[in-house]
Amino acid sequence: MKKLPAPLTVAQIAALVGGQAVGDGSRVVESVAEVASAGPSDVASLHNMKYLAAAQASLAGCLLVPPPAKDAPCAAKAKIVVEDPQAAFALLLGLIDAAGRSRVAPGVSAKASVSPEAKLGADVRVGDFSVIERGAVIGEGTTILPQCYVGENVKIGKNCLLHPRAVVREDCELGDSVTLHPGAVIGADGFGFTTDKKTGRHTKIPQIGNVVIGDGVEIGANATVDRATLGSTVIESGVQIDNLVMIAHNVRVGRDSVIVSQVGVAGSTTIGRNVILAGQAGLAGHLNIGDGAIVTAQTGVMRDVPPKTMLFGTPGRPHREAFKLESLYGRLPEIVERLKELEKTLGAKT
Amino acid sequence: MKKLPAPLTVAQIAALVGGQAVGDGSRVVESVAEVASAGPSDVASLHNMKYLAAAQASLAGCLLVPPPAKDAPCAAKAKIVVEDPQAAFALLLGLIDAAGRSRVAPGVSAKASVSPEAKLGADVRVGDFSVIERGAVIGEGTTILPQCYVGENVKIGKNCLLHPRAVVREDCELGDSVTLHPGAVIGADGFGFTTDKKTGRHTKIPQIGNVVIGDGVEIGANATVDRATLGSTVIESGVQIDNLVMIAHNVRVGRDSVIVSQVGVAGSTTIGRNVILAGQAGLAGHLNIGDGAIVTAQTGVMRDVPPKTMLFGTPGRPHREAFKLESLYGRLPEIVERLKELEKTLGAKT
Amino acid sequence: MKKLPAPLTVAQIAALVGGQAVGDGSRVVESVAEVASAGPSDVASLHNMKYLAAAQASLAGCLLVPPPAKDAPCAAKAKIVVEDPQAAFALLLGLIDAAGRSRVAPGVSAKASVSPEAKLGADVRVGDFSVIERGAVIGEGTTILPQCYVGENVKIGKNCLLHPRAVVREDCELGDSVTLHPGAVIGADGFGFTTDKKTGRHTKIPQIGNVVIGDGVEIGANATVDRATLGSTVIESGVQIDNLVMIAHNVRVGRDSVIVSQVGVAGSTTIGRNVILAGQAGLAGHLNIGDGAIVTAQTGVMRDVPPKTMLFGTPGRPHREAFKLESLYGRLPEIVERLKELEKTLGAKT
């Protein structure tokens with residue numbers, strides 16, 4: 001349960017989220033809460049019809065519901081019918097977040113180390129013990145929380161947020177409204193070396209490219225995006241990357257794609273737009289993943305993936321085929337029994 | 001080999017670990033060592049009867065052994081019979097650790113940045129370049145090593161240890177005797193957004209909950225535990241989490257559960273008590289994992305798991321079934337041969 | 001495209017890389033570029049005959065090619081034939097890297113915290129907010145970039161490079177020319193505890209060993225190498241470790257082995273020389289992996305692996321067997337059809 005910055009009537013909330021109030025529009029709520037724990041002064045939300053029964057029992061003062069639940073009887077004091085209750089609820093959470101979430105103090109901390117040769121836009125904030133190297137350019141309204149590292153000639157756009165301990169190595173570029181979560185590392189060397197066939201010794205291939213990140217991208221905690229050998233590793237605008245993800249050198253991730261926690265993408269693979277890579281999936285290098293493809297959790301992708309295909313398994317197969325195989329795999333004992341039966345019938349020895 | 005803080009007789013060690021000395025109790029040892037490399041002034045340990053042969057050949061001055069090895073002939077000069085030799089050995093390692101392991105100097109480093117509005121208990125130590133934001137409350141005896149970040153209104157209990165570069169974001173709570181290993185990130189934003197079905201664009205759902213961690217919990221190096229969207233992500237007392245583990249928003253991990261390296265647990269999943277998740281296992285979101293369940297390494301869990309069940313495979317199946325299927329899978333070439341043979345016998349064309 | 005520190009003629013490049021110029025040796029190039037985007041003032045490289053067609057169409061001023069491509073017609077203005085074009089190209093990248101890549105300023109930053117009881121060799125550089133604890137010994141020519149942590153009694157060899165936020169905990173040892181990428185953690189506690197069978201409670205086993213790293217090793221961003229319980233976790237010379245890899249306590253990794261991103265190796269496993277562990281592979285504890293073995297991506301290794309074996313799958317099998325099984329798995333629908341057919345022929349009921 002979290003308090004709203006100010007109490008709101010059901011009617012006010014309905015107006016705010018573009019929904020339709022059902023019941024007492026003058027009712028006042030003070031906080032947001034989860035369906036199960038909400039009380040009469042809370043607003044809660046039914047994101048998904050799957051949880052309708054729980055929502056119907058909720059004692060919330062106000063319940064956000066999708067149109068199919070419009071007429072469902074509910075214990076809540078009032079309802080607001082809205083196309084996407086989750087988005088509406090997110091909007092309320094945002095009110096609290098904007099009001100209550102602390103950020104670093106305005107200006108540059110005296111305990112930071114900012115090169116006189118770096119250029120900081122208006123209202124840039126830099127926290128304690130952060131380092132901004134020479135040649136870095138930081139756009140207006142960007143906040144760099146404590147203990148971050150911004151290397152030489154890095155370009156960071158406007159209104160970005162770097163959480164504590166984010167690292168952006170030299171020459172990398174971030175667009176506007178990019179968020180780096182704690183411990184994210186942008187621009188570490190790609191994993192490249194040549195190996196002497198006789199001695200088995202490795203020689204590093206210098207990694208002199210960079211990483212270019214578009215607008216509105218989030219990179220999760222302790223995730224890593226390596227710099228290109230030459231040229232750029234590219235994360236296009238709108239991409240959402242979760243914690244502990246690994247994006248290797250020279251990869252390109254297309255606009256609005258979603259990469260869930262612990263996914264690994266090997267070098268030079270190109271990922272289309274609105275692709276979803278679910279948790280712990282792994283993609284080999286030099287592949288093309290088509291727009292709108294979905295790679296399910298833990299799947300291993302070794303070949304190109306056509307657009308809008310859903311893959312499952314290691315090696316990944318189109319999901320219908322994969323689910324069929326998976327089901328037959330579960331029937332192996334029966335298959336062997338039937339085989340034995342046939343052998344017996346035919347008088348064959350097993 | 002590591003020196004004990006002071007030489008000990010076999011009898012003294014036996015008393016210390018609650019064991020029974022066999023042989024010369026007045027014999028003095030000075031160090032702990034591994035079985036294979038131990039010499040006459042070392043104490044070593046047979047943790048597991050599987051390694052009995054190696055232990056029998058060990059030239060250790062003193063060997064800790066479990067009851068079944070009581071009468072086994074050994075090259076060691078003396079034996080101590082004890083119920084759990086590994087726990088006894090851990091106790092000796094602890095003597096060395098307590099004596100020799102350095103910590104940060106007492107007090108708050110002049111190079112740290114501690115808000116005057118933070119409250120530090122007695123004997124709290126804060127290392128160089130650590131940041132403690134306003135409203136944070138740190139319990140007595142807690143040590144915060146260099147370069148850590150403790151956000152606003154964070155509550156940390158007594159006798160905790162934060163290794164270098166641990167991050168605890170605002171509003172999170174740690175119990176007593178919690179250890180965060182280097183690079184651990186507590187309270188990064190959960191991975192939540194809504195997606196516009198028409199444009200494919202994502203809008204962030206503000207993550208305004210927190211993380212609540214019980215007593216005696218360890219969180220491994222570079223592991224991440226995300227804050228809840230609303231409410232709390234909960235790690236109950238006694239839980240052991242290894243390096244590079246990902247715990248997503250709104251997850252609850254029950255008391256004394258063990259989560260091995262690189263495991264990922266997706267959002268809102270509830271894990272019971274004394275559950276074991278082995279390395280690289282992945283759990284989908286919104287699941288219930290029963291008390292005492294064991295998920296083997298790399299297993300992918302897509303459904304609820306009953307208590308005390310052991311799962312294997314992706315998708316995870318109860319291990320007896322999974323091992324049977326795995327064995328039949330290995331016999332596929334034979335199965336196909338038998339099928340061919342039948343087809344031949346029946347005069348069928350292949 | 002990246003400028004060389006100075007323009008070079010084709011003949012000069014041929015001499016530098018030990019190759020043979022074909023065409024106009026006096027032609028001047030100014031930059032390196034990728035094959036697809038190279039223009040007349042760029043040098044590019046055909047690493048692999050697989051990409052011959054693209055290389056033939058390249059408009060590069062100078063193209064590095066392997067001997068089999070010596071006589072292939074090319075659009076490039078000049079060619080240099082060289083045994084290993086990738087190594088030759090790496091050499092050119094290295095010229096740019098050495099000239100252009102920034103490092104921290106000479107000397108020890110006034111904003112670092114270096115114990116007076118640490119010993120720094122000649123030309124050691126220490127960046128802002130790095131911490132060097134007492135008893136640490138740093139070899140000449142080593143660079144420690146900002147925000148690193150070097151614990152008590154750590155030994156670091158000559159010409160090492162620690163990127164921002166690398167952590168080396170107490171007592172660990174690094175050889176010469178070691179590179180730690182941002183966020184790498186060396187020497188965190190191994191994951192060890194004893195569990196009380198009655199209560200299910202865990203007691204930590206103190207981890208008092210260390211990590212010993214040989215010469216020329218690279219450890220990737222946010223990777224973790226845990227200290228031994230007793231004794232040492234060992235990474236031998238020449239080993240290349242990628243981002244987000246987990247090496248557990250008491251593991252030994254043999255010379256020149258390669259460990260790709262997100263691999264996990266459990267405790268006490270011994271890995272031979274020139275082993276390759278591909279991305280997201282997982283190895284159980286207490287195993288022996290023979291010299292030259294290859295573990296393919298996402299493979300789970302539960303048994304010892306003989307030298308020069310290639311494994312695939314979970315559980316990992318020798319790759320010929322694994323590929324055969326995988327192929328039969330894909331034919332399960334056909335197998336079931338054939339079984340049905342036989343049953344029909346025999347008049348058996350299904």
# chains A, B, ... in the order shown; residues from 1 in each chain; ligands from 1
$ interface_residues --of "chain A" --to "chain B" --cutoff "6 Å" --atoms "only C-alpha atoms" --output "count of residues only"
4
$ residues_around --residues "Ala36 (chain A)" --least-positions-apart "6" --cutoff "8 Å" --atoms "only C-alpha atoms" --output "ChimeraX atom specification"
/A:54-55,58
$ write_last_selection --atoms "N, CA, C and O atoms" --output "PDB file, in the first residue's frame"
ATOM      1  N   ALA A  54     -10.657 -13.140  -7.725  1.00  0.00           N
ATOM      2  CA  ALA A  54      -9.977 -12.434  -6.636  1.00  0.00           C
ATOM      3  C   ALA A  54     -10.391 -10.967  -6.616  1.00  0.00           C
ATOM      4  O   ALA A  54     -10.596 -10.379  -5.549  1.00  0.00           O
ATOM      5  N   ALA A  55     -10.510 -10.388  -7.801  1.00  0.00           N
ATOM      6  CA  ALA A  55     -10.878  -8.975  -7.872  1.00  0.00           C
ATOM      7  C   ALA A  55     -12.299  -8.755  -7.351  1.00  0.00           C
ATOM      8  O   ALA A  55     -12.585  -7.768  -6.678  1.00  0.00           O
ATOM      9  N   SER A  58     -12.308  -8.425  -3.747  1.00  0.00           N
ATOM     10  CA  SER A  58     -11.460  -7.368  -3.175  1.00  0.00           C
ATOM     11  C   SER A  58     -12.303  -6.302  -2.471  1.00  0.00           C
ATOM     12  O   SER A  58     -13.357  -5.892  -2.972  1.00  0.00           O
TER      13      SER A  58
END
$ select_by_dssp --residues "region 50-170 of chain A" --states "helix (DSSP H, G or I)" --output "ChimeraX atom specification"
/A:50-57,67-69,85-100
$ select_by_dssp --residues "region 206-346 of chain A" --states "strand (DSSP E or B)" --output "number ranges by chain"
A: 210-213, 218-219, 224-226, 232-235, 240-241, 246-247, 252-253, 258-259, 264-265, 270-271, 276-277, 282-283, 288-289, 294-295, 300-301, 305, 310-312, 317-318
$ atom_distance --atom1 "CA of Thr9 (chain A)" --atom2 "CA of Gln56 (chain A)"
20.7 Å
$ residues_around --residues "His181 (chain A)" --least-positions-apart "4" --cutoff "7 Å" --atoms "only C-alpha atoms" --output "PDB file with C-alpha atoms, in the first residue's frame"
ATOM      1  CA  LEU A 162      22.098   6.561 -14.515  1.00  0.00           C
ATOM      2  CA  HIS A 163      21.622   4.592 -11.312  1.00  0.00           C
ATOM      3  CA  ALA A 166      26.523   2.365 -13.957  1.00  0.00           C
ATOM      4  CA  ILE A 219      19.280  -1.510 -19.447  1.00  0.00           C
ATOM      5  CA  GLY A 220      18.912  -3.733 -16.367  1.00  0.00           C
ATOM      6  CA  ALA A 221      21.055  -4.101 -13.278  1.00  0.00           C
TER       7      ALA A 221
ATOM      8  CA  ALA B 188      16.647  -2.176  -8.783  1.00  0.00           C
TER       9      ALA B 188
END
$ residues_around --residues "Leu16 (chain A)" --least-positions-apart "5" --cutoff "12 Å" --atoms "only C-alpha atoms" --output "list in words"
Leu8, Thr9, Val10, Ala11, Ala21, Ile80, Val82, Ala87, Ala88, Phe89, Ala90, Leu91, Leu92 and Leu95 of chain A
$ write_last_selection --atoms "all heavy atoms" --output "tab-separated table (two decimals), in the first residue's frame"
chain	number	residue	atom	x	y	z
A	8	LEU	N	-7.80	11.40	-3.95
A	8	LEU	CA	-8.49	11.62	-5.23
A	8	LEU	C	-9.88	10.98	-5.15
A	8	LEU	O	-10.05	9.93	-4.55
A	8	LEU	CB	-7.72	10.97	-6.38
A	8	LEU	CG	-6.37	11.58	-6.78
A	8	LEU	CD1	-5.66	10.67	-7.78
A	8	LEU	CD2	-6.58	12.96	-7.39
A	9	THR	N	-10.85	11.62	-5.78
A	9	THR	CA	-12.16	10.97	-5.89
A	9	THR	C	-12.12	9.97	-7.04
A	9	THR	O	-11.27	10.05	-7.94
A	9	THR	CB	-13.29	11.98	-6.18
A	9	THR	OG1	-13.04	12.56	-7.46
A	9	THR	CG2	-13.33	13.09	-5.13
A	10	VAL	N	-13.06	9.04	-7.01
A	10	VAL	CA	-13.18	8.06	-8.08
A	10	VAL	C	-13.37	8.78	-9.41
A	10	VAL	O	-12.79	8.41	-10.43
A	10	VAL	CB	-14.35	7.10	-7.77
A	10	VAL	CG1	-14.68	6.23	-8.98
A	10	VAL	CG2	-14.01	6.23	-6.55
A	11	ALA	N	-14.16	9.85	-9.40
A	11	ALA	CA	-14.40	10.60	-10.64
A	11	ALA	C	-13.11	11.23	-11.15
A	11	ALA	O	-12.84	11.24	-12.36
A	11	ALA	CB	-15.46	11.67	-10.41
A	21	ALA	N	-16.46	5.89	-14.60
A	21	ALA	CA	-16.75	5.53	-13.21
A	21	ALA	C	-18.09	4.83	-13.11
A	21	ALA	O	-19.06	5.25	-13.72
A	21	ALA	CB	-16.71	6.76	-12.33
A	80	ILE	N	-13.93	1.55	-11.93
A	80	ILE	CA	-13.68	2.38	-13.10
A	80	ILE	C	-13.40	1.43	-14.25
A	80	ILE	O	-12.49	0.59	-14.15
A	80	ILE	CB	-12.49	3.34	-12.89
A	80	ILE	CG1	-12.83	4.37	-11.82
A	80	ILE	CG2	-12.09	4.02	-14.20
A	80	ILE	CD1	-11.67	5.23	-11.38
A	82	VAL	N	-11.95	0.70	-17.79
A	82	VAL	CA	-10.94	1.35	-18.62
A	82	VAL	C	-10.30	0.31	-19.54
A	82	VAL	O	-10.18	-0.86	-19.17
A	82	VAL	CB	-9.90	2.08	-17.71
A	82	VAL	CG1	-9.20	1.11	-16.78
A	82	VAL	CG2	-8.88	2.86	-18.53
A	87	ALA	N	-2.22	-0.15	-17.59
A	87	ALA	CA	-1.65	1.14	-17.96
A	87	ALA	C	-2.20	2.25	-17.06
A	87	ALA	O	-1.47	3.16	-16.65
A	87	ALA	CB	-1.94	1.44	-19.43
A	88	ALA	N	-3.49	2.13	-16.74
A	88	ALA	CA	-4.11	3.13	-15.87
A	88	ALA	C	-3.49	3.08	-14.47
A	88	ALA	O	-3.19	4.12	-13.86
A	88	ALA	CB	-5.62	2.88	-15.78
A	89	PHE	N	-3.29	1.87	-13.99
A	89	PHE	CA	-2.70	1.69	-12.66
A	89	PHE	C	-1.26	2.22	-12.67
A	89	PHE	O	-0.82	2.88	-11.72
A	89	PHE	CB	-2.74	0.21	-12.29
A	89	PHE	CG	-2.53	-0.07	-10.84
A	89	PHE	CD1	-3.46	0.34	-9.90
A	89	PHE	CD2	-1.42	-0.78	-10.40
A	89	PHE	CE1	-3.28	0.07	-8.53
A	89	PHE	CE2	-1.24	-1.06	-9.05
A	89	PHE	CZ	-2.17	-0.63	-8.11
A	90	ALA	N	-0.55	1.96	-13.77
A	90	ALA	CA	0.83	2.46	-13.89
A	90	ALA	C	0.86	3.98	-13.78
A	90	ALA	O	1.77	4.57	-13.19
A	90	ALA	CB	1.44	2.01	-15.22
A	91	LEU	N	-0.16	4.59	-14.33
A	91	LEU	CA	-0.24	6.06	-14.27
A	91	LEU	C	-0.37	6.53	-12.82
A	91	LEU	O	0.27	7.51	-12.41
A	91	LEU	CB	-1.46	6.47	-15.09
A	91	LEU	CG	-1.46	7.85	-15.71
A	91	LEU	CD1	-2.26	7.82	-17.01
A	91	LEU	CD2	-2.03	8.84	-14.74
A	92	LEU	N	-1.17	5.82	-12.03
A	92	LEU	CA	-1.30	6.18	-10.60
A	92	LEU	C	0.02	5.94	-9.86
A	92	LEU	O	0.43	6.75	-9.03
A	92	LEU	CB	-2.43	5.37	-9.96
A	92	LEU	CG	-3.84	5.63	-10.52
A	92	LEU	CD1	-4.85	4.70	-9.85
A	92	LEU	CD2	-4.24	7.10	-10.34
A	95	LEU	N	2.30	8.78	-10.36
A	95	LEU	CA	2.06	9.97	-9.52
A	95	LEU	C	2.85	9.87	-8.22
A	95	LEU	O	3.45	10.83	-7.75
A	95	LEU	CB	0.57	10.07	-9.15
A	95	LEU	CG	-0.43	10.33	-10.28
A	95	LEU	CD1	-1.84	10.44	-9.69
A	95	LEU	CD2	-0.06	11.60	-11.03
$ residues_around --residues "Leu64 (chain A)" --least-positions-apart "3" --cutoff "12 Å" --atoms "only C-alpha atoms" --output "number ranges by chain"
A: 10, 13-14, 17-22, 32-35, 42-49, 52, 55-56, 58, 60-61, 67-70, 74, 76-92
$ residues_around --residues "Ile259 (chain C)" --least-positions-apart "5" --cutoff "8 Å" --atoms "only C-alpha atoms" --output "VMD selection string"
chain C and resid 239 to 242 245 276 to 279
$ write_last_selection --atoms "N, CA, C and O atoms" --output "tab-separated table (two decimals), in the first residue's frame"
chain	number	residue	atom	x	y	z
C	239	VAL	N	44.12	-17.73	-20.11
C	239	VAL	CA	42.68	-18.03	-20.12
C	239	VAL	C	41.88	-16.77	-20.48
C	239	VAL	O	42.20	-15.68	-20.01
C	240	GLN	N	40.85	-16.95	-21.31
C	240	GLN	CA	39.98	-15.84	-21.71
C	240	GLN	C	38.57	-16.10	-21.17
C	240	GLN	O	37.93	-17.08	-21.55
C	241	ILE	N	38.11	-15.22	-20.32
C	241	ILE	CA	36.79	-15.37	-19.70
C	241	ILE	C	35.92	-14.19	-20.08
C	241	ILE	O	36.32	-13.04	-19.92
C	242	ASP	N	34.74	-14.49	-20.55
C	242	ASP	CA	33.81	-13.47	-21.07
C	242	ASP	C	32.92	-12.93	-19.94
C	242	ASP	O	33.03	-13.33	-18.78
C	245	VAL	N	30.35	-14.58	-16.50
C	245	VAL	CA	30.72	-15.98	-16.21
C	245	VAL	C	30.86	-16.14	-14.70
C	245	VAL	O	31.26	-15.22	-13.99
C	276	ILE	N	37.22	-25.28	-24.54
C	276	ILE	CA	36.26	-24.23	-24.89
C	276	ILE	C	34.92	-24.54	-24.24
C	276	ILE	O	34.35	-25.60	-24.46
C	277	LEU	N	34.45	-23.62	-23.43
C	277	LEU	CA	33.10	-23.73	-22.86
C	277	LEU	C	32.25	-22.64	-23.51
C	277	LEU	O	32.46	-21.45	-23.27
C	278	ALA	N	31.33	-23.04	-24.37
C	278	ALA	CA	30.53	-22.05	-25.10
C	278	ALA	C	29.44	-21.46	-24.22
C	278	ALA	O	29.15	-21.96	-23.13
C	279	GLY	N	28.80	-20.43	-24.72
C	279	GLY	CA	27.89	-19.59	-23.94
C	279	GLY	C	26.81	-20.34	-23.17
C	279	GLY	O	26.16	-21.24	-23.70
